[in-house]
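Here is the file run-v5.cif (mmCIF, C-alpha atoms and all ligand atoms).
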```
data_my_file
#
loop_
_atom_site.label_atom_id
_atom_site.label_comp_id
_atom_site.auth_asym_id
_atom_site.auth_seq_id
_atom_site.Cartn_x
_atom_site.Cartn_y
_atom_site.Cartn_z
CA MET A 1 11.91 19.13 12.02
CA LEU A 2 11.44 18.99 8.23
CA ILE A 3 11.59 15.50 6.70
CA LEU A 4 12.09 14.64 3.05
CA GLY A 5 10.40 11.35 2.10
CA ILE A 6 11.53 9.34 -0.92
CA GLU A 7 9.58 6.33 -2.21
CA THR A 8 11.01 4.23 -5.07
CA SER A 9 10.19 0.63 -4.14
CA CYS A 10 8.28 -0.30 -7.29
CA ASP A 11 6.94 1.69 -10.24
CA GLU A 12 6.15 5.04 -8.65
CA THR A 13 8.58 7.77 -7.67
CA GLY A 14 7.08 9.64 -4.71
CA ILE A 15 8.64 12.65 -3.00
CA ALA A 16 7.21 14.61 -0.05
CA LEU A 17 8.14 17.24 2.49
CA LEU A 18 6.62 16.86 5.94
CA ASP A 19 7.01 19.37 8.75
CA ALA A 20 6.63 18.19 12.36
CA HIS A 21 4.35 21.15 13.20
CA ARG A 22 2.86 22.31 9.91
CA GLY A 23 2.16 18.83 8.50
CA LEU A 24 2.51 17.89 4.85
CA LEU A 25 3.96 20.86 2.94
CA ALA A 26 4.12 19.36 -0.55
CA HIS A 27 4.22 16.04 -2.35
CA ALA A 28 4.67 14.84 -5.93
CA LEU A 29 4.38 11.52 -7.69
CA HIS A 30 5.49 10.12 -11.01
CA SER A 31 3.81 6.90 -12.09
CA GLN A 32 5.66 4.59 -14.49
CA ALA A 33 2.42 2.77 -15.44
CA SER A 34 2.65 3.72 -19.13
CA LEU A 35 6.32 2.63 -19.23
CA HIS A 36 5.48 -0.90 -18.11
CA ALA A 37 2.03 -1.25 -19.70
CA GLU A 38 3.22 -2.90 -22.92
CA TYR A 39 4.97 -5.64 -20.90
CA GLY A 40 1.91 -6.45 -18.76
CA GLY A 41 3.91 -5.95 -15.55
CA VAL A 42 6.77 -4.02 -13.99
CA VAL A 43 10.15 -4.47 -15.72
CA PRO A 44 12.63 -4.01 -12.84
CA GLU A 45 15.51 -2.55 -14.88
CA LEU A 46 13.25 0.00 -16.58
CA ALA A 47 11.82 0.91 -13.18
CA SER A 48 15.29 1.59 -11.70
CA ARG A 49 16.35 3.75 -14.64
CA ASP A 50 13.20 5.81 -14.51
CA HIS A 51 13.56 6.41 -10.76
CA ILE A 52 17.05 7.81 -11.50
CA ARG A 53 15.55 10.23 -14.03
CA ARG A 54 12.67 11.37 -11.81
CA THR A 55 13.91 11.69 -8.25
CA LEU A 56 15.83 14.98 -8.33
CA PRO A 57 13.41 16.86 -10.65
CA LEU A 58 10.53 15.82 -8.36
CA LEU A 59 12.51 17.00 -5.34
CA ARG A 60 13.00 20.42 -6.97
CA GLN A 61 9.28 20.54 -7.76
CA VAL A 62 8.33 19.72 -4.17
CA LEU A 63 10.75 22.31 -2.74
CA ASP A 64 9.24 24.94 -5.08
CA GLN A 65 5.68 23.97 -4.12
CA ALA A 66 6.54 24.21 -0.43
CA GLY A 67 8.50 27.45 -0.88
CA ALA A 68 11.29 25.72 1.03
CA GLN A 69 15.06 25.49 0.66
CA ALA A 70 17.00 22.22 0.72
CA SER A 71 19.03 23.68 3.60
CA GLN A 72 15.89 23.62 5.81
CA ILE A 73 15.55 19.82 5.55
CA THR A 74 16.58 18.16 8.80
CA GLY A 75 16.22 14.47 7.90
CA VAL A 76 15.77 12.17 4.90
CA ALA A 77 13.55 9.08 4.99
CA TYR A 78 13.55 6.60 2.11
CA THR A 79 11.92 3.25 1.41
CA ALA A 80 14.53 0.60 2.21
CA GLY A 81 12.28 -2.41 1.46
CA PRO A 82 10.51 -4.60 0.72
CA GLY A 83 10.44 -4.03 -3.03
CA LEU A 84 12.49 -4.31 -6.21
CA MET A 85 16.17 -4.29 -5.31
CA GLY A 86 17.33 -1.97 -8.09
CA ALA A 87 14.48 0.47 -7.55
CA LEU A 88 15.13 0.52 -3.79
CA MET A 89 18.85 1.10 -4.39
CA VAL A 90 18.11 4.26 -6.40
CA GLY A 91 16.05 5.83 -3.61
CA ALA A 92 18.52 4.67 -0.96
CA SER A 93 21.60 6.03 -2.71
CA VAL A 94 19.98 9.36 -3.61
CA ALA A 95 18.62 9.74 -0.06
CA ARG A 96 21.88 8.80 1.62
CA SER A 97 23.94 11.11 -0.66
CA LEU A 98 21.60 14.06 -0.09
CA ALA A 99 21.61 13.47 3.66
CA TRP A 100 25.41 13.30 3.67
CA SER A 101 25.81 16.47 1.62
CA TRP A 102 23.32 18.34 3.83
CA GLY A 103 24.82 16.95 7.04
CA VAL A 104 21.51 15.53 8.28
CA PRO A 105 20.44 12.01 9.37
CA SER A 106 18.76 9.52 7.04
CA LEU A 107 16.66 6.46 7.78
CA GLY A 108 15.48 3.49 5.72
CA ILE A 109 11.73 2.92 6.13
CA HIS A 110 9.68 -0.27 5.77
CA HIS A 111 7.30 0.29 2.84
CA MET A 112 4.40 -1.45 4.59
CA GLU A 113 4.86 0.61 7.74
CA GLY A 114 4.57 3.61 5.43
CA HIS A 115 1.26 2.28 4.09
CA LEU A 116 0.05 1.45 7.61
CA LEU A 117 0.74 5.00 8.80
CA ALA A 118 -0.78 6.76 5.77
CA PRO A 119 -4.16 7.31 7.55
CA MET A 120 -2.22 9.38 10.13
CA LEU A 121 -1.88 12.09 7.48
CA GLU A 122 -5.65 12.65 7.53
CA PRO A 123 -7.38 15.28 9.70
CA ALA A 124 -8.93 12.74 12.13
CA PRO A 125 -6.28 10.02 12.48
CA PRO A 126 -6.87 6.68 14.23
CA ALA A 127 -5.32 5.95 17.62
CA ALA A 128 -3.62 2.66 18.54
CA PRO A 129 -4.41 -0.05 19.45
CA PHE A 130 -6.01 -1.09 16.17
CA VAL A 131 -6.16 -3.82 13.54
CA ALA A 132 -4.66 -2.90 10.17
CA LEU A 133 -5.57 -4.48 6.86
CA LEU A 134 -2.73 -3.83 4.40
CA VAL A 135 -3.69 -4.59 0.82
CA SER A 136 -1.22 -3.69 -1.92
CA GLY A 137 0.17 -5.11 -5.14
CA GLY A 138 2.81 -7.13 -3.30
CA HIS A 139 1.32 -7.77 0.16
CA THR A 140 -1.87 -8.73 1.93
CA MET A 141 -1.75 -8.74 5.70
CA LEU A 142 -3.74 -8.29 8.86
CA VAL A 143 -1.63 -6.70 11.57
CA LYS A 144 -2.32 -5.99 15.22
CA VAL A 145 -0.90 -2.58 16.09
CA SER A 146 -0.68 -2.45 19.88
CA ARG A 147 1.12 0.86 19.50
CA ILE A 148 2.77 2.60 16.57
CA GLY A 149 6.00 0.77 15.76
CA CYS A 150 4.92 -2.47 17.46
CA TYR A 151 3.37 -4.87 14.97
CA THR A 152 2.09 -8.44 15.35
CA MET A 153 1.18 -10.39 12.24
CA LEU A 154 -2.34 -11.84 12.48
CA GLY A 155 -2.65 -13.16 8.93
CA GLU A 156 -0.94 -13.08 5.54
CA THR A 157 -1.56 -14.33 2.04
CA LEU A 158 -0.26 -17.79 1.26
CA ASP A 159 0.06 -17.00 -2.46
CA ASP A 160 -1.01 -13.94 -4.50
CA ALA A 161 -1.47 -10.52 -2.93
CA VAL A 162 -4.93 -8.96 -3.44
CA GLY A 163 -3.59 -6.25 -5.78
CA GLU A 164 -1.73 -8.90 -7.75
CA ALA A 165 -4.95 -10.92 -8.13
CA PHE A 166 -6.74 -7.75 -9.32
CA ASP A 167 -3.95 -7.03 -11.81
CA LYS A 168 -3.71 -10.59 -13.16
CA THR A 169 -7.51 -10.85 -13.56
CA ALA A 170 -7.60 -7.44 -15.23
CA LEU A 171 -4.89 -8.54 -17.66
CA LEU A 172 -6.94 -11.65 -18.45
CA LEU A 173 -9.96 -9.44 -19.20
CA GLY A 174 -7.83 -7.29 -21.52
CA LEU A 175 -7.85 -4.27 -19.22
CA GLY A 176 -4.10 -3.56 -19.33
CA TYR A 177 -1.62 -3.12 -16.49
CA PRO A 178 -1.94 -2.25 -13.64
CA GLY A 179 -5.57 -3.12 -14.07
CA GLY A 180 -7.00 -2.95 -10.51
CA PRO A 181 -8.74 0.42 -10.99
CA ALA A 182 -9.88 -0.50 -14.54
CA LEU A 183 -11.35 -3.79 -13.29
CA ALA A 184 -13.19 -1.91 -10.53
CA ARG A 185 -14.64 0.51 -13.12
CA MET A 186 -15.73 -2.35 -15.37
CA ALA A 187 -17.34 -4.18 -12.41
CA GLU A 188 -19.75 -1.23 -12.01
CA SER A 189 -21.74 -2.38 -15.04
CA GLY A 190 -21.50 -6.10 -14.22
CA ASP A 191 -24.34 -8.33 -13.05
CA PRO A 192 -23.60 -9.40 -9.44
CA GLU A 193 -25.94 -12.40 -9.69
CA ARG A 194 -24.57 -14.09 -12.82
CA PHE A 195 -21.45 -15.75 -11.34
CA ARG A 196 -20.48 -16.60 -7.79
CA PHE A 197 -16.74 -16.84 -7.15
CA PRO A 198 -15.26 -18.70 -4.14
CA ARG A 199 -14.43 -16.82 -0.91
CA PRO A 200 -11.14 -18.62 -0.21
CA MET A 201 -10.30 -19.80 3.32
CA THR A 202 -13.39 -18.23 4.86
CA ASP A 203 -14.99 -21.59 5.75
CA ARG A 204 -12.21 -22.48 8.20
CA PRO A 205 -10.81 -20.60 11.17
CA GLY A 206 -7.79 -18.35 10.86
CA LEU A 207 -6.81 -15.04 9.36
CA ASP A 208 -4.60 -16.07 6.45
CA PHE A 209 -5.60 -15.41 2.85
CA SER A 210 -5.24 -17.10 -0.51
CA PHE A 211 -6.19 -15.33 -3.73
CA SER A 212 -4.74 -17.47 -6.50
CA GLY A 213 -7.91 -19.62 -6.57
CA VAL A 214 -10.16 -16.61 -7.27
CA LYS A 215 -7.92 -15.66 -10.15
CA THR A 216 -7.96 -19.26 -11.50
CA HIS A 217 -11.75 -19.27 -11.20
CA ALA A 218 -11.83 -16.12 -13.33
CA ILE A 219 -9.71 -17.85 -15.99
CA GLN A 220 -12.09 -20.83 -16.10
CA ILE A 221 -15.23 -18.68 -16.38
CA TRP A 222 -13.57 -16.46 -19.00
CA ARG A 223 -12.76 -19.55 -21.12
CA SER A 224 -16.30 -20.89 -20.97
CA ALA A 225 -18.34 -17.65 -21.03
CA GLY A 226 -16.15 -15.51 -23.34
CA PRO A 227 -15.60 -11.76 -23.71
CA ASP A 228 -19.31 -10.89 -23.46
CA ALA A 229 -19.13 -11.87 -19.80
CA ARG A 230 -16.26 -9.47 -19.08
CA ALA A 231 -18.14 -7.00 -16.85
CA ASP A 232 -19.98 -9.84 -15.03
CA ILE A 233 -16.68 -11.62 -14.33
CA ALA A 234 -15.13 -8.37 -13.09
CA ARG A 235 -18.11 -7.84 -10.77
CA ALA A 236 -18.11 -11.42 -9.43
CA PHE A 237 -14.35 -11.26 -8.86
CA GLU A 238 -14.56 -7.95 -7.02
CA GLU A 239 -17.53 -9.11 -4.90
CA ALA A 240 -15.63 -12.29 -3.89
CA VAL A 241 -12.43 -10.44 -2.98
CA VAL A 242 -14.24 -7.70 -1.05
CA ASP A 243 -16.40 -10.23 0.78
CA THR A 244 -13.33 -12.31 1.73
CA LEU A 245 -11.51 -9.26 3.08
CA ARG A 246 -14.64 -8.16 4.97
CA ILE A 247 -15.03 -11.59 6.62
CA LYS A 248 -11.36 -11.68 7.69
CA CYS A 249 -11.42 -8.10 9.04
CA GLN A 250 -14.56 -8.86 11.05
CA ARG A 251 -12.88 -11.99 12.42
CA ALA A 252 -9.70 -10.06 13.30
CA LEU A 253 -11.69 -7.43 15.21
CA GLN A 254 -13.62 -10.09 17.09
CA ALA A 255 -10.50 -12.16 17.89
CA SER A 256 -8.50 -9.15 19.09
CA GLY A 257 -11.37 -7.45 20.91
CA LEU A 258 -10.41 -4.19 19.18
CA ARG A 259 -12.90 -1.68 17.77
CA THR A 260 -10.67 0.20 15.33
CA LEU A 261 -9.77 -0.96 11.84
CA VAL A 262 -7.25 0.79 9.61
CA VAL A 263 -7.14 -0.04 5.91
CA ALA A 264 -4.25 0.97 3.67
CA GLY A 265 -2.36 0.02 0.51
CA GLY A 266 -3.37 0.40 -3.15
CA VAL A 267 -6.47 -1.82 -2.97
CA GLY A 268 -7.68 0.37 -0.08
CA ALA A 269 -8.67 2.85 -2.80
CA ASN A 270 -11.31 0.38 -4.01
CA ARG A 271 -14.78 1.90 -3.54
CA ARG A 272 -16.66 -1.34 -2.99
CA LEU A 273 -14.13 -2.41 -0.35
CA ARG A 274 -14.40 0.91 1.46
CA THR A 275 -18.21 0.71 1.51
CA ALA A 276 -18.28 -2.95 2.64
CA LEU A 277 -15.82 -2.36 5.49
CA GLN A 278 -17.64 0.76 6.61
CA ALA A 279 -20.93 -1.16 6.77
CA MET A 280 -19.30 -4.06 8.64
CA ALA A 281 -17.68 -1.67 11.13
CA ALA A 282 -21.00 0.09 11.74
CA ARG A 283 -22.68 -3.27 12.47
CA HIS A 284 -19.97 -4.09 15.04
CA ARG A 285 -19.81 -0.63 16.60
CA ALA A 286 -16.27 -0.31 15.29
CA ARG A 287 -14.61 2.52 13.37
CA VAL A 288 -12.73 2.17 10.13
CA TYR A 289 -10.07 4.58 8.86
CA PHE A 290 -8.70 4.88 5.34
CA PRO A 291 -6.16 7.26 3.83
CA ARG A 292 -7.51 9.47 1.02
CA PRO A 293 -7.39 7.29 -2.16
CA GLU A 294 -4.28 9.16 -3.38
CA PHE A 295 -2.37 8.01 -0.28
CA CYS A 296 -3.62 4.42 -0.50
CA THR A 297 -1.32 3.80 -3.44
CA ASP A 298 2.43 4.38 -3.19
CA ASN A 299 3.51 7.89 -2.25
CA GLY A 300 6.33 9.80 -0.59
CA ALA A 301 4.16 11.33 2.15
CA MET A 302 3.69 8.04 4.01
CA ILE A 303 7.45 7.44 3.97
CA ALA A 304 8.10 10.96 5.27
CA TYR A 305 5.55 10.36 8.05
CA ALA A 306 7.15 7.07 9.18
CA GLY A 307 10.55 8.80 8.92
CA LEU A 308 9.40 11.72 11.05
CA LEU A 309 8.22 9.42 13.86
CA ARG A 310 11.34 7.26 13.83
CA ILE A 311 13.91 10.06 13.35
CA GLN A 312 12.18 12.06 16.11
CA GLY A 313 12.47 8.89 18.20
CA GLY A 314 16.24 8.96 17.69
CA GLN A 315 16.55 6.28 15.01
CA THR A 316 18.96 6.94 12.12
CA ASP A 317 21.08 4.87 9.72
CA GLY A 318 24.84 5.07 9.52
CA LEU A 319 26.66 6.02 6.33
CA GLY A 320 25.86 2.70 4.69
CA ILE A 321 22.96 2.20 2.27
CA GLN A 322 20.18 -0.15 3.30
CA ALA A 323 17.93 -1.94 0.82
CA ARG A 324 16.08 -5.21 1.42
CA ALA A 325 13.98 -7.02 -1.15
CA ARG A 326 12.36 -8.93 1.72
CA TRP A 327 11.79 -7.56 5.18
CA ARG A 328 9.24 -8.62 7.78
CA LEU A 329 7.13 -5.87 9.32
CA ASP A 330 7.24 -7.53 12.75
CA GLU A 331 11.05 -7.27 12.79
CA LEU A 332 11.06 -3.47 13.02
CA PRO A 333 12.64 -1.85 16.06
CA PRO A 334 10.00 -0.43 18.41
CA LEU A 335 9.42 3.28 18.71
CA GLU A 336 10.02 4.98 22.04
CA ARG A 337 6.81 6.14 23.69
CA PRO A 338 6.41 9.89 23.12
O1 LIG B 401 0.22 0.03 -2.63
P1 LIG B 401 0.40 0.03 -4.09
O2 LIG B 401 0.37 1.35 -4.81
O3 LIG B 401 1.75 -0.63 -4.50
C1 LIG B 401 2.33 -1.70 -3.85
O4 LIG B 401 2.93 -1.48 -2.76
O5 LIG B 401 2.18 -2.81 -4.39
O6 LIG B 401 -0.71 -0.94 -4.66
C2 LIG B 401 -0.88 -1.12 -6.03
C3 LIG B 401 -1.98 -2.14 -6.24
C4 LIG B 401 -2.10 -2.57 -7.69
O7 LIG B 401 -2.20 -3.97 -7.70
C5 LIG B 401 -3.37 -1.90 -8.16
O8 LIG B 401 -4.03 -2.58 -9.19
C6 LIG B 401 -4.19 -1.89 -6.89
O9 LIG B 401 -3.26 -1.57 -5.87
N1 LIG B 401 -5.27 -0.90 -6.91
C7 LIG B 401 -6.59 -1.20 -6.92
C8 LIG B 401 -7.30 0.02 -6.96
N2 LIG B 401 -6.39 1.03 -6.99
C9 LIG B 401 -5.16 0.45 -6.96
N3 LIG B 401 -7.22 -2.40 -6.86
C10 LIG B 401 -8.57 -2.39 -6.88
N4 LIG B 401 -9.31 -1.26 -6.94
C11 LIG B 401 -8.74 -0.05 -6.97
N5 LIG B 401 -9.49 1.06 -7.03
ZN ZN B 402 2.90 0.04 -1.81
#
```
Re-express the file's structure as structure tokens.
Amino acid sequence: MLILGIETSCDETGIALLDAHRGLLAHALHSQASLHAEYGGVVPELASRDHIRRTLPLLRQVLDQAGAQASQITGVAYTAGPGLMGALMVGASVARSLAWSWGVPSLGIHHMEGHLLAPMLEPAPPAAPFVALLVSGGHTMLVKVSRIGCYTMLGETLDDAVGEAFDKTALLLGLGYPGGPALARMAESGDPERFRFPRPMTDRPGLDFSFSGVKTHAIQIWRSAGPDARADIARAFEEAVVDTLRIKCQRALQASGLRTLVVAGGVGANRRLRTALQAMAARHRARVYFPRPEFCTDNGAMIAYAGLLRIQGGQTDGLGIQARARWRLDELPPLERP
């Protein structure tokens, strides 16, 4: 089985070819970051139009890289949500049309299931049951994965997602958009002792998150301390966010009695977060798994992987196109046991 994966839920066009036996054959990504930078955020209409321009050329590139023919593809998986409606519709309509013309099945994939499964593309993948921390630009969640395809929500953010808080704080510090990685770089030279930011919702029980307060705290310090404090603010912000995530992950492992933690989504590429979670896991005799940083952020490979599991399990869409701006992860149909 050879699955084509198409990711277009936000501002990255990701295409990948995944073979059931040979693994990932090729993948390609086009980031629209420079297109949206001058607006300080993603402009949905520009995103949709750019996905239209990029999808087929990237598909040709990936076929060339893999030395494969379109006629060898046996299924098409695309991100059906959650995400920007117009952007999702581009991937869905291209995927559905290709699948129809090739006479193969297609399936709409939940973007966050894609993220959650990204560590499965690594050489030593985790095995369920595990706790997953999903940290992206649009979502922050702790999920209990009793088996692949069966997800129970343990905690979610009540306001901003972690990536969103990184991006908004980075914009405040004049680091452009999307500023998560730039803020992390700037934090390297910051003084960790100068400011202490709050660790929201860690002083009460529960696994939900709230990140808008950390961002507001950054605004207040920025106003009083000024641009000279930029690196110190970046460092204090990053320390607070990482510490909060570490506390909640530790709590989720203890509450569930599980010893395996999986971390995925764009913020999973953050070095300080990776180090902090590794140290916490070691202290609790647990193991933590991350995708390579390239597969933490949006990509087609994770969508192809989720598609492979579900199409192999007999799930396919009809001829209609599916796209959902909102879609709960715990509403997904279960996967048959292999
Ligand atoms: O998963 P992703 O590519 O897209 C969504 O599904 O939202 O995540 C993108 C988010 C952005 O907010 C970006 O700033 C953040 O991940 N991000 C980072 C890092 N790399 C990406 N945040 C902090 N540190 C990083 N190294
Ligand atoms: Zn994502």
Cut-off 12 Å around (20.6, 2.8, -3.6) with only C-alpha atoms: residues as a PyMOL selection string: chain A and resi 6-9+48-49+51-52+78-81+84-98+108+320-324
Selection file, C-alpha atoms, as a PDB file, in the coordinates of the input:
```pdb
ATOM      1  CA  ILE A   6      11.530   9.340  -0.920  1.00  0.00           C
ATOM      2  CA  GLU A   7       9.580   6.330  -2.210  1.00  0.00           C
ATOM      3  CA  THR A   8      11.010   4.230  -5.070  1.00  0.00           C
ATOM      4  CA  SER A   9      10.190   0.630  -4.140  1.00  0.00           C
ATOM      5  CA  SER A  48      15.290   1.590 -11.700  1.00  0.00           C
ATOM      6  CA  ARG A  49      16.350   3.750 -14.640  1.00  0.00           C
ATOM      7  CA  HIS A  51      13.560   6.410 -10.760  1.00  0.00           C
ATOM      8  CA  ILE A  52      17.050   7.810 -11.500  1.00  0.00           C
ATOM      9  CA  TYR A  78      13.550   6.600   2.110  1.00  0.00           C
ATOM     10  CA  THR A  79      11.920   3.250   1.410  1.00  0.00           C
ATOM     11  CA  ALA A  80      14.530   0.600   2.210  1.00  0.00           C
ATOM     12  CA  GLY A  81      12.280  -2.410   1.460  1.00  0.00           C
ATOM     13  CA  LEU A  84      12.490  -4.310  -6.210  1.00  0.00           C
ATOM     14  CA  MET A  85      16.170  -4.290  -5.310  1.00  0.00           C
ATOM     15  CA  GLY A  86      17.330  -1.970  -8.090  1.00  0.00           C
ATOM     16  CA  ALA A  87      14.480   0.470  -7.550  1.00  0.00           C
ATOM     17  CA  LEU A  88      15.130   0.520  -3.790  1.00  0.00           C
ATOM     18  CA  MET A  89      18.850   1.100  -4.390  1.00  0.00           C
ATOM     19  CA  VAL A  90      18.110   4.260  -6.400  1.00  0.00           C
ATOM     20  CA  GLY A  91      16.050   5.830  -3.610  1.00  0.00           C
ATOM     21  CA  ALA A  92      18.520   4.670  -0.960  1.00  0.00           C
ATOM     22  CA  SER A  93      21.600   6.030  -2.710  1.00  0.00           C
ATOM     23  CA  VAL A  94      19.980   9.360  -3.610  1.00  0.00           C
ATOM     24  CA  ALA A  95      18.620   9.740  -0.060  1.00  0.00           C
ATOM     25  CA  ARG A  96      21.880   8.800   1.620  1.00  0.00           C
ATOM     26  CA  SER A  97      23.940  11.110  -0.660  1.00  0.00           C
ATOM     27  CA  LEU A  98      21.600  14.060  -0.090  1.00  0.00           C
ATOM     28  CA  GLY A 108      15.480   3.490   5.720  1.00  0.00           C
ATOM     29  CA  GLY A 320      25.860   2.700   4.690  1.00  0.00           C
ATOM     30  CA  ILE A 321      22.960   2.200   2.270  1.00  0.00           C
ATOM     31  CA  GLN A 322      20.180  -0.150   3.300  1.00  0.00           C
ATOM     32  CA  ALA A 323      17.930  -1.940   0.820  1.00  0.00           C
ATOM     33  CA  ARG A 324      16.080  -5.210   1.420  1.00  0.00           C
TER      34      ARG A 324
END
```
Within-6 Å shell of (-18.6, -4.5, -13.3) in input frame, only C-alpha atoms, as a count of residues only: 9
List every residue of chain A that has an atom at most 8 Å from any atom of ligand ZN 402 (chain B), and for each one report the closest atom pair and its distance in Å to one decimal, counting only C-alpha atoms and all ligand atoms, with rows sorted by chain and then by increasing residue number, as CSV.
```
residue,atom,partner,partner_atom,distance
A:Ser9,CA,B:ZN402,ZN,7.7
A:Cys10,CA,B:ZN402,ZN,7.7
A:His111,CA,B:ZN402,ZN,6.4
A:Met112,CA,B:ZN402,ZN,6.7
A:His115,CA,B:ZN402,ZN,6.5
A:Ser136,CA,B:ZN402,ZN,5.6
A:Gly137,CA,B:ZN402,ZN,6.7
A:Gly138,CA,B:ZN402,ZN,7.3
A:Gly265,CA,B:ZN402,ZN,5.7
A:Gly266,CA,B:ZN402,ZN,6.4
A:Cys296,CA,B:ZN402,ZN,8.0
A:Thr297,CA,B:ZN402,ZN,5.9
A:Asp298,CA,B:ZN402,ZN,4.6
A:Asn299,CA,B:ZN402,ZN,7.9
```
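Here the question is which of A:Cys150, A:Ile219, A:Val162, A:Ala264 gets nearest to Leu133 of chain A using all atoms listed in the file, and that residue is A:Ala264.
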Close residues to ligand LIG 401 (chain B) using only C-alpha atoms and all ligand atoms, limit 10 Å, as a PyMOL selection string: chain A and resi 9-12+31+82-83+111-112+114-115+134-140+161-170+177-185+238+241-242+264-274+293-299
Contact residues around Met201 of chain A with all atoms listed in the file at 12 Å, ignoring same-chain residues under 3 positions, as a PyMOL selection string: chain A and resi 155-158+198+204-214+240-241+243-245+247-248
Report as a PDB file with C-alpha atoms, in the coordinates of the input all protein, DNA and RNA residues lying within 10 Å of Gly103 of chain A, evaluated on all atoms listed in the file, omitting residues in the same chain fewer than 6 positions from it.
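To be explicit, this is the file written out as selection.pdb:
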```
ATOM      1  CA  SER A  71      19.030  23.680   3.600  1.00  0.00           C
ATOM      2  CA  ILE A  73      15.550  19.820   5.550  1.00  0.00           C
ATOM      3  CA  THR A  74      16.580  18.160   8.800  1.00  0.00           C
ATOM      4  CA  GLY A  75      16.220  14.470   7.900  1.00  0.00           C
ATOM      5  CA  SER A  97      23.940  11.110  -0.660  1.00  0.00           C
TER       6      SER A  97
END
```
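In this comparison, which uses all atoms listed in the file, the residue of A:Trp102, A:Glu336, A:Leu175, A:Leu107 approaching Ala70 of chain A most closely is A:Trp102.
The space between atom CA of Gly67 of chain A and atom CA of Ala47 of chain A spans 29.4 Å.
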Coordinates of box centre and edge lengths for segment 292-311 of chain A, 8 Å on every side, axis-aligned, as AutoDock Vina command-line options:
```
--center_x 3.2 --center_y 7.8 --center_z 5.2 --size_x 37.4 --size_y 23.9 --size_z 33.3
```
From A:Leu309, A:Ala77, A:Leu332, A:Ile233, residue lying nearest Glu193 of chain A [only C-alpha atoms]: A:Ile233
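Nearest-residue note for Met1 of chain A: choosing from A:His21, A:Arg194, A:Arg310, A:Arg283, the minimum distance belongs to A:His21, counting all atoms listed in the file.
Considering all atoms listed in the file, the residue among A:Ile3, A:Ile15, A:Leu172, A:Ala33 positioned nearest to Arg54 of chain A is A:Ile15.
Each of A:Leu308, A:Leu173, A:Ala255, A:Leu29 was checked against Leu121 of chain A using all atoms listed in the file; the smallest atom-to-atom distance is that of A:Leu308.
Rounded to one decimal, atom CA of Tyr151 of chain A and atom CA of Ile303 of chain A lie 17.0 Å from each other.
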